[in-house]
Amino acid sequence: MASVHEGCAMTDCIDADSTLESVPTAKDLESQLHDNHRVPAADILIIEVEDRIVGYAQVGWWVETNGARLHLIQGHLLPAFRNKGIGTAQLKWAEKRSLEILKELPAAKHVFFGTNASSAQPDRISLLQDHGYTWAFSLAEMTNNNLQAIGDSDVPEGFTLRSVEQAHIRKVWEVNNTVYQGRDFIGVPTEEEYQSFVNKSGADFDLWQVAWCGDRIAGFVLSKVVKRRGEILQVSVTPDFQKRGLAEALMKKNIQALKKKGISAARLHTSGENTAGAQNLYKKIGFETIKKFNRYRKAF
């Protein structure tokens, strides 16, 4: 399965520095086998040609905060075997398997098939559209290769920065969930997601800028260093404290912390539809969009 990803990387223009895509190793794939309630023996289909694995499909599901349940379909196929009907067969198998899973689960408010394609995958986009999938939303990946040009900024009056401790991690995660609560396409938080948050966020608290208003966390910007590049993981300000300049100040504070570690470039991703004006903020401080990642859905 890992070799399939390696064989697809050039054709699909996979960006090794991306915050949204990668070429996973066998170890990475092994750790993800059970993600999204997946039972590997039933929910992963291996495609072989002459005893060689040339692709695979997999399904999983989760419930979103609005009560909808999304059945995620993922398909990977080596370029030499595309446009031969195999991609269509993968998709049909995944939809059939999702319908079988549906019968085993409680009723949901709405149920959708969901799948993904980047702006560099026109063939996959055509396949999805031909089978009734429509665009739902997108994520935009942004980059800034000149962090030196970004100056510092004080946090607005009424907010203070405090050193982050291990005990703050869950509180930060819970506050982040409240920021996204009520938005479309957001999964219900689970303990597994909390553990994933801990693992992905790293442990370098010098790169966590957390602002407090009294005893409440008002907002934060979290980042880490990956391959000598900054990766800004999360920018969140609670609704009560938005539109006061806090997000911009915390972004600039976070970038100063990255520069102290010798980092001159950073990546992040955000809503492609500029939800809450995030793209405007990032562009203001020098980030530019380099790729879009589209999410497609089809009602059951």
# chains A, B, ... in the order shown; residues from 1 in each chain; ligands from 1
>>> residues_around(residues="Ala203 in chain A", least_positions_apart="3", cutoff="10 Å", atoms="only C-alpha atoms", output="list of chain:residue names")
A:Glu165, A:Gln166, A:Ile169, A:Val198, A:Asn199, A:Lys200, A:Asp206, A:Leu207, A:Trp208, A:Lys224
>>> select_by_dssp(residues="range 37-225 of chain A", states="alpha helix (DSSP H)", output="ChimeraX atom specification")
/A:40-43,86-104,122-130,169-180,191-201
>>> write_last_selection(atoms="C-alpha atoms", output="PDB file, in the first residue's frame")
ATOM      1  CA  PRO A  40      -9.357  -3.503   8.016  1.00  0.00           C
ATOM      2  CA  ALA A  41     -10.383  -7.008   6.969  1.00  0.00           C
ATOM      3  CA  ALA A  42     -13.797  -5.770   5.817  1.00  0.00           C
ATOM      4  CA  ASP A  43     -13.212  -2.094   5.008  1.00  0.00           C
ATOM      5  CA  ILE A  86     -10.578   0.203 -11.990  1.00  0.00           C
ATOM      6  CA  GLY A  87     -11.162   3.556 -10.305  1.00  0.00           C
ATOM      7  CA  THR A  88     -14.892   3.222 -10.972  1.00  0.00           C
ATOM      8  CA  ALA A  89     -14.853  -0.313  -9.544  1.00  0.00           C
ATOM      9  CA  GLN A  90     -13.074   0.932  -6.409  1.00  0.00           C
ATOM     10  CA  LEU A  91     -15.668   3.642  -5.929  1.00  0.00           C
ATOM     11  CA  LYS A  92     -18.609   1.272  -6.419  1.00  0.00           C
ATOM     12  CA  TRP A  93     -17.126  -1.257  -3.994  1.00  0.00           C
ATOM     13  CA  ALA A  94     -16.633   1.470  -1.372  1.00  0.00           C
ATOM     14  CA  GLU A  95     -20.186   2.731  -1.767  1.00  0.00           C
ATOM     15  CA  LYS A  96     -21.550  -0.815  -1.471  1.00  0.00           C
ATOM     16  CA  ARG A  97     -19.482  -1.475   1.644  1.00  0.00           C
ATOM     17  CA  SER A  98     -20.647   1.833   3.154  1.00  0.00           C
ATOM     18  CA  LEU A  99     -24.267   0.806   2.605  1.00  0.00           C
ATOM     19  CA  GLU A 100     -23.569  -2.458   4.444  1.00  0.00           C
ATOM     20  CA  ILE A 101     -22.074  -0.507   7.363  1.00  0.00           C
ATOM     21  CA  LEU A 102     -25.069   1.833   7.337  1.00  0.00           C
ATOM     22  CA  LYS A 103     -27.409  -1.079   8.128  1.00  0.00           C
ATOM     23  CA  GLU A 104     -25.390  -1.841  11.271  1.00  0.00           C
ATOM     24  CA  PRO A 122      -8.441  16.558 -12.576  1.00  0.00           C
ATOM     25  CA  ASP A 123      -9.011  12.901 -13.527  1.00  0.00           C
ATOM     26  CA  ARG A 124     -10.228  12.048 -10.034  1.00  0.00           C
ATOM     27  CA  ILE A 125     -12.448  15.125  -9.965  1.00  0.00           C
ATOM     28  CA  SER A 126     -14.050  13.994 -13.241  1.00  0.00           C
ATOM     29  CA  LEU A 127     -14.568  10.474 -11.864  1.00  0.00           C
ATOM     30  CA  LEU A 128     -16.340  11.811  -8.796  1.00  0.00           C
ATOM     31  CA  GLN A 129     -18.522  14.209 -10.741  1.00  0.00           C
ATOM     32  CA  ASP A 130     -19.484  11.443 -13.193  1.00  0.00           C
ATOM     33  CA  ILE A 169      -3.134  20.679  26.662  1.00  0.00           C
ATOM     34  CA  ARG A 170      -6.631  19.281  27.185  1.00  0.00           C
ATOM     35  CA  LYS A 171      -7.996  22.717  28.072  1.00  0.00           C
ATOM     36  CA  VAL A 172      -6.585  24.127  24.824  1.00  0.00           C
ATOM     37  CA  TRP A 173      -8.164  21.255  22.886  1.00  0.00           C
ATOM     38  CA  GLU A 174     -11.539  21.767  24.559  1.00  0.00           C
ATOM     39  CA  VAL A 175     -11.482  25.499  23.875  1.00  0.00           C
ATOM     40  CA  ASN A 176     -10.614  24.806  20.245  1.00  0.00           C
ATOM     41  CA  ASN A 177     -13.676  22.551  19.994  1.00  0.00           C
ATOM     42  CA  THR A 178     -15.917  25.377  21.210  1.00  0.00           C
ATOM     43  CA  VAL A 179     -14.551  27.656  18.478  1.00  0.00           C
ATOM     44  CA  TYR A 180     -15.577  25.192  15.759  1.00  0.00           C
ATOM     45  CA  GLU A 191     -10.987  10.841  22.985  1.00  0.00           C
ATOM     46  CA  GLU A 192      -9.189   9.346  19.969  1.00  0.00           C
ATOM     47  CA  GLU A 193      -9.131  12.788  18.368  1.00  0.00           C
ATOM     48  CA  TYR A 194      -7.703  14.260  21.547  1.00  0.00           C
ATOM     49  CA  GLN A 195      -4.870  11.724  21.473  1.00  0.00           C
ATOM     50  CA  SER A 196      -4.273  12.566  17.802  1.00  0.00           C
ATOM     51  CA  PHE A 197      -4.175  16.270  18.718  1.00  0.00           C
ATOM     52  CA  VAL A 198      -1.553  15.570  21.381  1.00  0.00           C
ATOM     53  CA  ASN A 199       0.565  13.492  18.999  1.00  0.00           C
ATOM     54  CA  LYS A 200       0.403  15.968  16.115  1.00  0.00           C
ATOM     55  CA  SER A 201       0.981  19.085  18.177  1.00  0.00           C
TER      56      SER A 201
END
>>> atom_distance(atom1="CA of Glu231 in chain A", atom2="CA of Lys260 in chain A")
14.7 Å
>>> closest_atom_pairs(of="range 53-128 of chain A", to="range 272-295 of chain A", cutoff="8 Å", atoms="only C-alpha atoms", output="Markdown table")
| residue | atom | partner | partner_atom | distance |
| --- | --- | --- | --- | --- |
| A:Gly114 | CA | A:Arg295 | CA | 7.2 |
| A:Thr115 | CA | A:Arg295 | CA | 6.1 |
| A:Asn116 | CA | A:Arg295 | CA | 4.7 |
| A:Ala117 | CA | A:Asn294 | CA | 5.4 |
| A:Ser118 | CA | A:Phe293 | CA | 4.2 |
| A:Ser119 | CA | A:Lys292 | CA | 5.5 |
>>> closest_atom_pairs(of="range 100-144 of chain A", to="range 6-28 of chain A", cutoff="9 Å", atoms="only C-alpha atoms", output="JSON lines")
{"residue": "A:Ser118", "atom": "CA", "partner": "A:Asp12", "partner_atom": "CA", "distance": 8.5}
{"residue": "A:Ala120", "atom": "CA", "partner": "A:Asp12", "partner_atom": "CA", "distance": 6.1}
{"residue": "A:Gln121", "atom": "CA", "partner": "A:Asp12", "partner_atom": "CA", "distance": 6.0}
{"residue": "A:Leu139", "atom": "CA", "partner": "A:Leu20", "partner_atom": "CA", "distance": 8.7}
{"residue": "A:Glu141", "atom": "CA", "partner": "A:Thr19", "partner_atom": "CA", "distance": 7.3}
>>> residues_around(residues="Thr160 in chain A", least_positions_apart="6", cutoff="7 Å", atoms="only C-alpha atoms", output="ChimeraX atom specification")
/A:211-213
>>> write_last_selection(atoms="C-alpha atoms", output="short mmCIF file (atom, residue, chain, number, x, y, z; two decimals), in the first residue's frame")
data_model
loop_
_atom_site.label_atom_id
_atom_site.label_comp_id
_atom_site.auth_asym_id
_atom_site.auth_seq_id
_atom_site.Cartn_x
_atom_site.Cartn_y
_atom_site.Cartn_z
CA ALA A 211 -3.62 34.26 25.51
CA TRP A 212 -5.72 34.43 28.65
CA CYS A 213 -8.40 36.83 29.84
#
>>> select_by_dssp(residues="range 64-242 of chain A", states="strand (DSSP E)", output="ChimeraX atom specification")
/A:69-77,111-118,134-144,160-161,208-213,216-226,229-237
>>> write_last_selection(atoms="C-alpha atoms", output="PDB file, in the first residue's frame")
ATOM      1  CA  ARG A  69     -22.807  10.951   9.449  1.00  0.00           C
ATOM      2  CA  LEU A  70     -20.096  10.958   6.793  1.00  0.00           C
ATOM      3  CA  HIS A  71     -18.856   7.714   5.238  1.00  0.00           C
ATOM      4  CA  LEU A  72     -15.391   8.572   3.952  1.00  0.00           C
ATOM      5  CA  ILE A  73     -14.241   6.832   0.774  1.00  0.00           C
ATOM      6  CA  GLN A  74     -10.564   6.853  -0.182  1.00  0.00           C
ATOM      7  CA  GLY A  75      -9.110   5.332  -3.317  1.00  0.00           C
ATOM      8  CA  HIS A  76      -5.517   5.087  -4.550  1.00  0.00           C
ATOM      9  CA  LEU A  77      -4.440   3.647  -7.901  1.00  0.00           C
ATOM     10  CA  VAL A 111     -25.946  10.383   5.757  1.00  0.00           C
ATOM     11  CA  PHE A 112     -23.412  11.175   3.045  1.00  0.00           C
ATOM     12  CA  PHE A 113     -20.684   9.535   1.044  1.00  0.00           C
ATOM     13  CA  GLY A 114     -17.596  11.756   1.178  1.00  0.00           C
ATOM     14  CA  THR A 115     -14.292  11.749  -0.657  1.00  0.00           C
ATOM     15  CA  ASN A 116     -11.430  14.066  -1.589  1.00  0.00           C
ATOM     16  CA  ALA A 117      -9.475  15.340  -4.594  1.00  0.00           C
ATOM     17  CA  SER A 118      -6.872  18.099  -4.826  1.00  0.00           C
ATOM     18  CA  THR A 134     -20.695  17.448  -5.771  1.00  0.00           C
ATOM     19  CA  TRP A 135     -18.254  19.897  -4.258  1.00  0.00           C
ATOM     20  CA  ALA A 136     -18.974  20.580  -0.564  1.00  0.00           C
ATOM     21  CA  PHE A 137     -16.065  22.712   0.656  1.00  0.00           C
ATOM     22  CA  SER A 138     -12.322  23.128   0.274  1.00  0.00           C
ATOM     23  CA  LEU A 139      -9.172  23.685   2.269  1.00  0.00           C
ATOM     24  CA  ALA A 140      -6.471  26.070   1.116  1.00  0.00           C
ATOM     25  CA  GLU A 141      -2.802  25.460   1.840  1.00  0.00           C
ATOM     26  CA  MET A 142      -0.779  28.641   2.318  1.00  0.00           C
ATOM     27  CA  THR A 143       2.925  29.374   2.629  1.00  0.00           C
ATOM     28  CA  ASN A 144       5.238  32.172   3.676  1.00  0.00           C
ATOM     29  CA  THR A 160      -1.969  38.138  28.885  1.00  0.00           C
ATOM     30  CA  LEU A 161       0.372  35.425  27.633  1.00  0.00           C
ATOM     31  CA  TRP A 208       2.434  27.571  21.720  1.00  0.00           C
ATOM     32  CA  GLN A 209       1.210  31.142  22.139  1.00  0.00           C
ATOM     33  CA  VAL A 210      -1.802  31.070  24.462  1.00  0.00           C
ATOM     34  CA  ALA A 211      -3.619  34.260  25.513  1.00  0.00           C
ATOM     35  CA  TRP A 212      -5.717  34.427  28.650  1.00  0.00           C
ATOM     36  CA  CYS A 213      -8.403  36.828  29.842  1.00  0.00           C
ATOM     37  CA  ARG A 216     -10.204  31.896  30.598  1.00  0.00           C
ATOM     38  CA  ILE A 217      -8.234  30.922  27.513  1.00  0.00           C
ATOM     39  CA  ALA A 218      -9.145  33.572  24.957  1.00  0.00           C
ATOM     40  CA  GLY A 219      -7.173  32.302  21.984  1.00  0.00           C
ATOM     41  CA  PHE A 220      -4.034  30.575  20.830  1.00  0.00           C
ATOM     42  CA  VAL A 221      -1.707  29.831  17.930  1.00  0.00           C
ATOM     43  CA  LEU A 222       0.095  26.490  17.959  1.00  0.00           C
ATOM     44  CA  SER A 223       2.967  25.479  15.699  1.00  0.00           C
ATOM     45  CA  LYS A 224       5.799  22.981  15.410  1.00  0.00           C
ATOM     46  CA  VAL A 225       8.934  22.539  13.340  1.00  0.00           C
ATOM     47  CA  VAL A 226       8.888  19.911  10.585  1.00  0.00           C
ATOM     48  CA  ARG A 229      10.026  24.499   8.323  1.00  0.00           C
ATOM     49  CA  GLY A 230       7.346  25.907  10.562  1.00  0.00           C
ATOM     50  CA  GLU A 231       3.939  24.290  10.500  1.00  0.00           C
ATOM     51  CA  ILE A 232       1.208  26.407  12.048  1.00  0.00           C
ATOM     52  CA  LEU A 233      -1.252  23.868  13.374  1.00  0.00           C
ATOM     53  CA  GLN A 234      -4.059  25.885  14.858  1.00  0.00           C
ATOM     54  CA  VAL A 235      -5.212  29.497  15.058  1.00  0.00           C
ATOM     55  CA  SER A 236      -8.239  29.904  17.325  1.00  0.00           C
ATOM     56  CA  VAL A 237      -9.930  32.748  19.183  1.00  0.00           C
TER      57      VAL A 237
END
>>> residues_around(residues="Val4 in chain A", least_positions_apart="5", cutoff="7 Å", atoms="only C-alpha atoms", output="tab-separated table (two decimals) with N, CA and C atoms, in the first residue's frame")
chain	number	residue	atom	x	y	z
A	54	VAL	N	-1.59	-2.82	-7.01
A	54	VAL	CA	-1.55	-1.61	-7.84
A	54	VAL	C	-2.47	-0.52	-7.30
A	55	GLY	N	-3.24	-0.85	-6.27
A	55	GLY	CA	-4.13	0.16	-5.70
A	55	GLY	C	-4.89	-0.41	-4.52
A	77	LEU	N	-4.68	4.53	-6.77
A	77	LEU	CA	-4.44	3.65	-7.90
A	77	LEU	C	-3.24	4.16	-8.69
A	78	LEU	N	-2.30	3.25	-8.98
A	78	LEU	CA	-1.11	3.64	-9.75
A	78	LEU	C	-1.52	4.24	-11.10
